[in-house]
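Written below as structure tokens is the structure these notes are about.
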Amino acid sequence: METILVTGGAGYIGSHTVVELLNAGYGVVIVDNLVNSNIAVLPRIETICGKSPVFVNADVRDPLAMAAVFSDHAIDAVIHFAGLKAVGESVEQPIRYYENNVHGTMVLCQAMADAGVFKLVFSSSATVYGPDAPVPYVETMALGQPSSPYGASKAVVERILADLCVSDSRWAIAALRYFNPIGAHESGLIGEDPKGIPNNLMPFIARVAVGKLAELAIFGDDYETPDGTCQRDYLHVVDLAEGHCQSLLALEKPGLHAFNLGTGQGVSVLDMVKAFETVTGQAVPYKIAPRRSGDLPAFWANADKAKRELNWVAGRTLEQMMADTWRWQSGNPDGFAEG
Ligand SMILES: NC(=O)c1ccc[n+]([C@@H]2O[C@H](COP(=O)([O-])OP(=O)(O)OC[C@H]3O[C@@H](n4cnc5c(N)ncnc54)[C@H](O)[C@@H]3O)[C@@H](O)[C@H]2O)c1
Ligand SMILES: O=c1ccn([C@@H]2O[C@H](COP(=O)(O)OP(=O)(O)O[C@H]3O[C@H](CO)[C@@H](O)[C@H](O)[C@H]3O)[C@@H](O)[C@H]2O)c(=O)[nH]1
């Protein structure tokens, strides 16, 4: 049985990926410092899978802790989710973001090399294409100039990973460029549980519907899009989790390999609200508000490479994304706080 180290495995995408890995027969070791997650996710994972990951409460920036993880466990490959992800916060706290996301990845990669582990899957983002890239985004495009420190941290890490692969041909790395993951596991036991007021659209809609927030503010309805609101490529988080399992299989090939993980479809903010209301029967009151600084009008993936080389497509529908979001949010109005 292969064992995968999952950094950030207590978080939103990480926990769903841990479920898919356990179900596929992998052993899993999670390293997470719980800065943006809750330990209560662990028994939920066990309920879903009938088995548990090993959990290590540690920071990926701690070289001694990381060395101990690699000496205590026979790790075959690493999936690296651990990082900070709030775009607006990164503008206010750039050093914290670079320190966590860039330095954290460097400490992890050094610990991997010291332990002789050279297979890595990295959580990158569509934001690395920058504001000027034409849509749909294709992996053959050069990296752009992301407008936030968060986005820049992802682009810098991709560059570092490319340099690592040049330096030593044992490295085999997948940089997975996620578009907009939403939804939750169909059990309703795990899902996205942002602290405070959500920055992202889907958890904000869910909290309005459950009565925790009064109304959604739609940031701008005067973009050059069919209905004036921004379009994004929303994909189901379980499809994304499956994409990580598929990408592990591609790590036989040395070098850095970038993959877009998205559906290939742009959906507007207004269409998201309508789809949620239709699927769940819940009203989502909203108002039109000014544009949010830094938002791009529309982007979506060309996901052909992932289909071709990973045998992966984001197959779950928008209706499933909405139904699963609502099952999670309505069953857990306070998220993991209820334990
Ligand atoms: N959610 C998205 O829309 C999205 C899109 C593109 C890329 N990503 C990237 O995917 C990854 C996972 O995102 P998510 O949505 O699951 O976020 P999340 O915040 O739910 O998960 C990240 C996890 O990493 C942990 N963590 C953070 N810094 C750490 C550190 N220094 N040491 C150990 N653990 C640490 C957090 O406690 C959390 O459990 C992140 O790297 C994020 O930037 C997310
Ligand atoms: O309260 C809200 C929140 C969002 N939006 C709009 O909804 C769309 C989607 O916004 P959001 O869910 O915040 O996603 P993005 O801004 O597209 O960014 C996400 O997706 C990127 C990759 O696609 C990642 O890099 C980021 O980390 C992640 O936050 C945008 O048009 C927003 O203006 C609103 O109108 N009201």
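Here's how to read the names in the structure tokens: chain A, B, ... by the order shown, residue numbers from 1 in each chain, ligand numbers from 1 in the order shown.
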
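Identified as lying at most 6 Å from ligand 2 when counting only C-alpha atoms and all ligand atoms are the residues Lys85, Ser125, Ala126, Thr127, Phe179, Asn180, Asn199, Asn200, Leu201, Phe204, Leu216, Ala217, Ile218, Phe219, Cys230, Val269, Arg292 and Asp295 of chain A.
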
Just N, CA, C and O atoms for this one: save the residues we selected as a tab-separated table (two decimals), in the first residue's frame.
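Contents of selection.tsv, as written:
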chain	number	residue	atom	x	y	z
A	85	LYS	N	-5.16	31.32	1.79
A	85	LYS	CA	-5.83	31.45	0.48
A	85	LYS	C	-6.75	32.65	0.32
A	85	LYS	O	-7.44	32.75	-0.69
A	125	SER	N	-3.35	27.47	-8.85
A	125	SER	CA	-4.63	28.16	-9.04
A	125	SER	C	-4.70	28.77	-10.42
A	125	SER	O	-3.67	29.15	-11.00
A	126	ALA	N	-5.92	28.92	-10.92
A	126	ALA	CA	-6.14	29.60	-12.20
A	126	ALA	C	-5.61	31.02	-12.17
A	126	ALA	O	-5.33	31.61	-13.22
A	127	THR	N	-5.43	31.57	-10.99
A	127	THR	CA	-4.98	32.95	-10.86
A	127	THR	C	-3.56	33.14	-11.41
A	127	THR	O	-3.16	34.26	-11.73
A	179	PHE	N	-9.75	25.77	-10.73
A	179	PHE	CA	-10.63	26.88	-11.02
A	179	PHE	C	-11.45	27.10	-9.74
A	179	PHE	O	-10.86	27.31	-8.69
A	180	ASN	N	-12.77	27.06	-9.74
A	180	ASN	CA	-13.48	27.44	-8.51
A	180	ASN	C	-14.18	26.23	-7.87
A	180	ASN	O	-15.32	25.92	-8.22
A	199	ASN	N	-15.48	34.91	2.08
A	199	ASN	CA	-15.04	35.75	0.96
A	199	ASN	C	-15.60	35.24	-0.35
A	199	ASN	O	-15.77	36.01	-1.29
A	200	ASN	N	-15.84	33.96	-0.42
A	200	ASN	CA	-16.18	33.32	-1.70
A	200	ASN	C	-17.69	33.20	-1.87
A	200	ASN	O	-18.45	33.15	-0.91
A	201	LEU	N	-18.08	33.13	-3.15
A	201	LEU	CA	-19.50	33.20	-3.48
A	201	LEU	C	-20.33	32.05	-2.90
A	201	LEU	O	-21.37	32.28	-2.28
A	204	PHE	N	-20.96	31.98	0.80
A	204	PHE	CA	-21.77	33.15	1.16
A	204	PHE	C	-23.24	32.88	0.85
A	204	PHE	O	-24.13	33.09	1.68
A	216	LEU	N	-27.03	38.47	-0.04
A	216	LEU	CA	-25.80	38.41	-0.83
A	216	LEU	C	-25.59	39.76	-1.50
A	216	LEU	O	-26.54	40.35	-2.02
A	217	ALA	N	-24.35	40.25	-1.50
A	217	ALA	CA	-24.00	41.40	-2.34
A	217	ALA	C	-23.35	40.85	-3.60
A	217	ALA	O	-22.34	40.15	-3.52
A	218	ILE	N	-23.95	41.14	-4.75
A	218	ILE	CA	-23.34	40.73	-6.02
A	218	ILE	C	-22.43	41.85	-6.47
A	218	ILE	O	-22.88	42.99	-6.69
A	219	PHE	N	-21.14	41.52	-6.60
A	219	PHE	CA	-20.14	42.55	-6.87
A	219	PHE	C	-20.10	42.89	-8.36
A	219	PHE	O	-19.28	42.36	-9.10
A	230	CYS	N	-19.98	38.50	-13.22
A	230	CYS	CA	-18.75	37.77	-13.58
A	230	CYS	C	-19.02	36.28	-13.80
A	230	CYS	O	-19.90	35.70	-13.16
A	269	VAL	N	-22.58	34.87	-11.82
A	269	VAL	CA	-23.01	34.95	-10.42
A	269	VAL	C	-24.54	34.83	-10.34
A	269	VAL	O	-25.08	34.09	-9.51
A	292	ARG	N	-15.90	44.37	-7.00
A	292	ARG	CA	-14.86	44.10	-6.01
A	292	ARG	C	-13.50	44.28	-6.70
A	292	ARG	O	-13.28	43.73	-7.77
A	295	ASP	N	-11.31	41.73	-9.26
A	295	ASP	CA	-12.08	40.67	-9.93
A	295	ASP	C	-11.92	40.75	-11.45
A	295	ASP	O	-12.01	41.85	-12.03

Surroundings of ligand 1 up to 7 Å, based on only C-alpha atoms and all ligand atoms, as a ChimeraX atom specification: /A:7-14,31-37,58-61,81-85,100,104,123-126,177-181,192

Minimum-distance residue to Lys287 (chain A), chosen among A:Ile4, A:Leu270, A:Pro43, A:Gly151 (using only C-alpha atoms): A:Leu270

DSSP-assigned strand (DSSP E) members of region 86-283 of chain A, reported as JSON, numbers by chain: {"A": [119, 120, 121, 122, 123, 124, 125, 172, 173, 174, 175, 176, 177, 178, 180, 181, 182, 216, 217, 218, 219, 231, 232, 234, 235, 236, 255, 256, 257, 258, 259, 260, 261, 267, 268]}

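Atom to atom, CA of Asn302 (chain A) and CA of Ala241 (chain A) stand 18.5 Å apart.
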
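Proximity ranking of A:Ala65, A:Ile79, A:Ile182, A:Cys109 relative to Ile205 (chain A) places A:Ile182 first, based on only C-alpha atoms.
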
Those of region 174-339 of chain A in DSSP helix (DSSP H, G or I), formatted as a ChimeraX atom specification: /A:201-209,237-252,269-280,304-310,318-331,335-338

Nearest-residue call for Ile45 (chain A), choices A:Ala258, A:Val19, A:Ala175, A:Leu64, using only C-alpha atoms: A:Val19

Nearby residues (only C-alpha atoms) at most 7 Å from Glu20 (chain A), same-chain spacing under 4 positions excluded, as a ChimeraX atom specification: /A:16,24,241-242

For the residues in the current selection, export N, CA and C atoms as an mmCIF file, in the first residue's frame.
data_model
loop_
_atom_site.group_PDB
_atom_site.id
_atom_site.type_symbol
_atom_site.label_atom_id
_atom_site.label_comp_id
_atom_site.auth_asym_id
_atom_site.auth_seq_id
_atom_site.Cartn_x
_atom_site.Cartn_y
_atom_site.Cartn_z
ATOM 1 N N HIS A 16 -11.559 16.395 1.512
ATOM 2 C CA HIS A 16 -12.243 15.619 0.465
ATOM 3 C C HIS A 16 -11.250 14.718 -0.276
ATOM 4 N N ALA A 24 -9.539 4.783 -2.094
ATOM 5 C CA ALA A 24 -8.784 4.140 -3.180
ATOM 6 C C ALA A 24 -7.715 3.194 -2.643
ATOM 7 N N ALA A 241 -11.035 16.394 -5.930
ATOM 8 C CA ALA A 241 -10.338 15.398 -5.111
ATOM 9 C C ALA A 241 -9.936 14.196 -5.977
ATOM 10 N N GLU A 242 -10.837 13.760 -6.841
ATOM 11 C CA GLU A 242 -10.509 12.636 -7.738
ATOM 12 C C GLU A 242 -9.361 13.009 -8.681
#
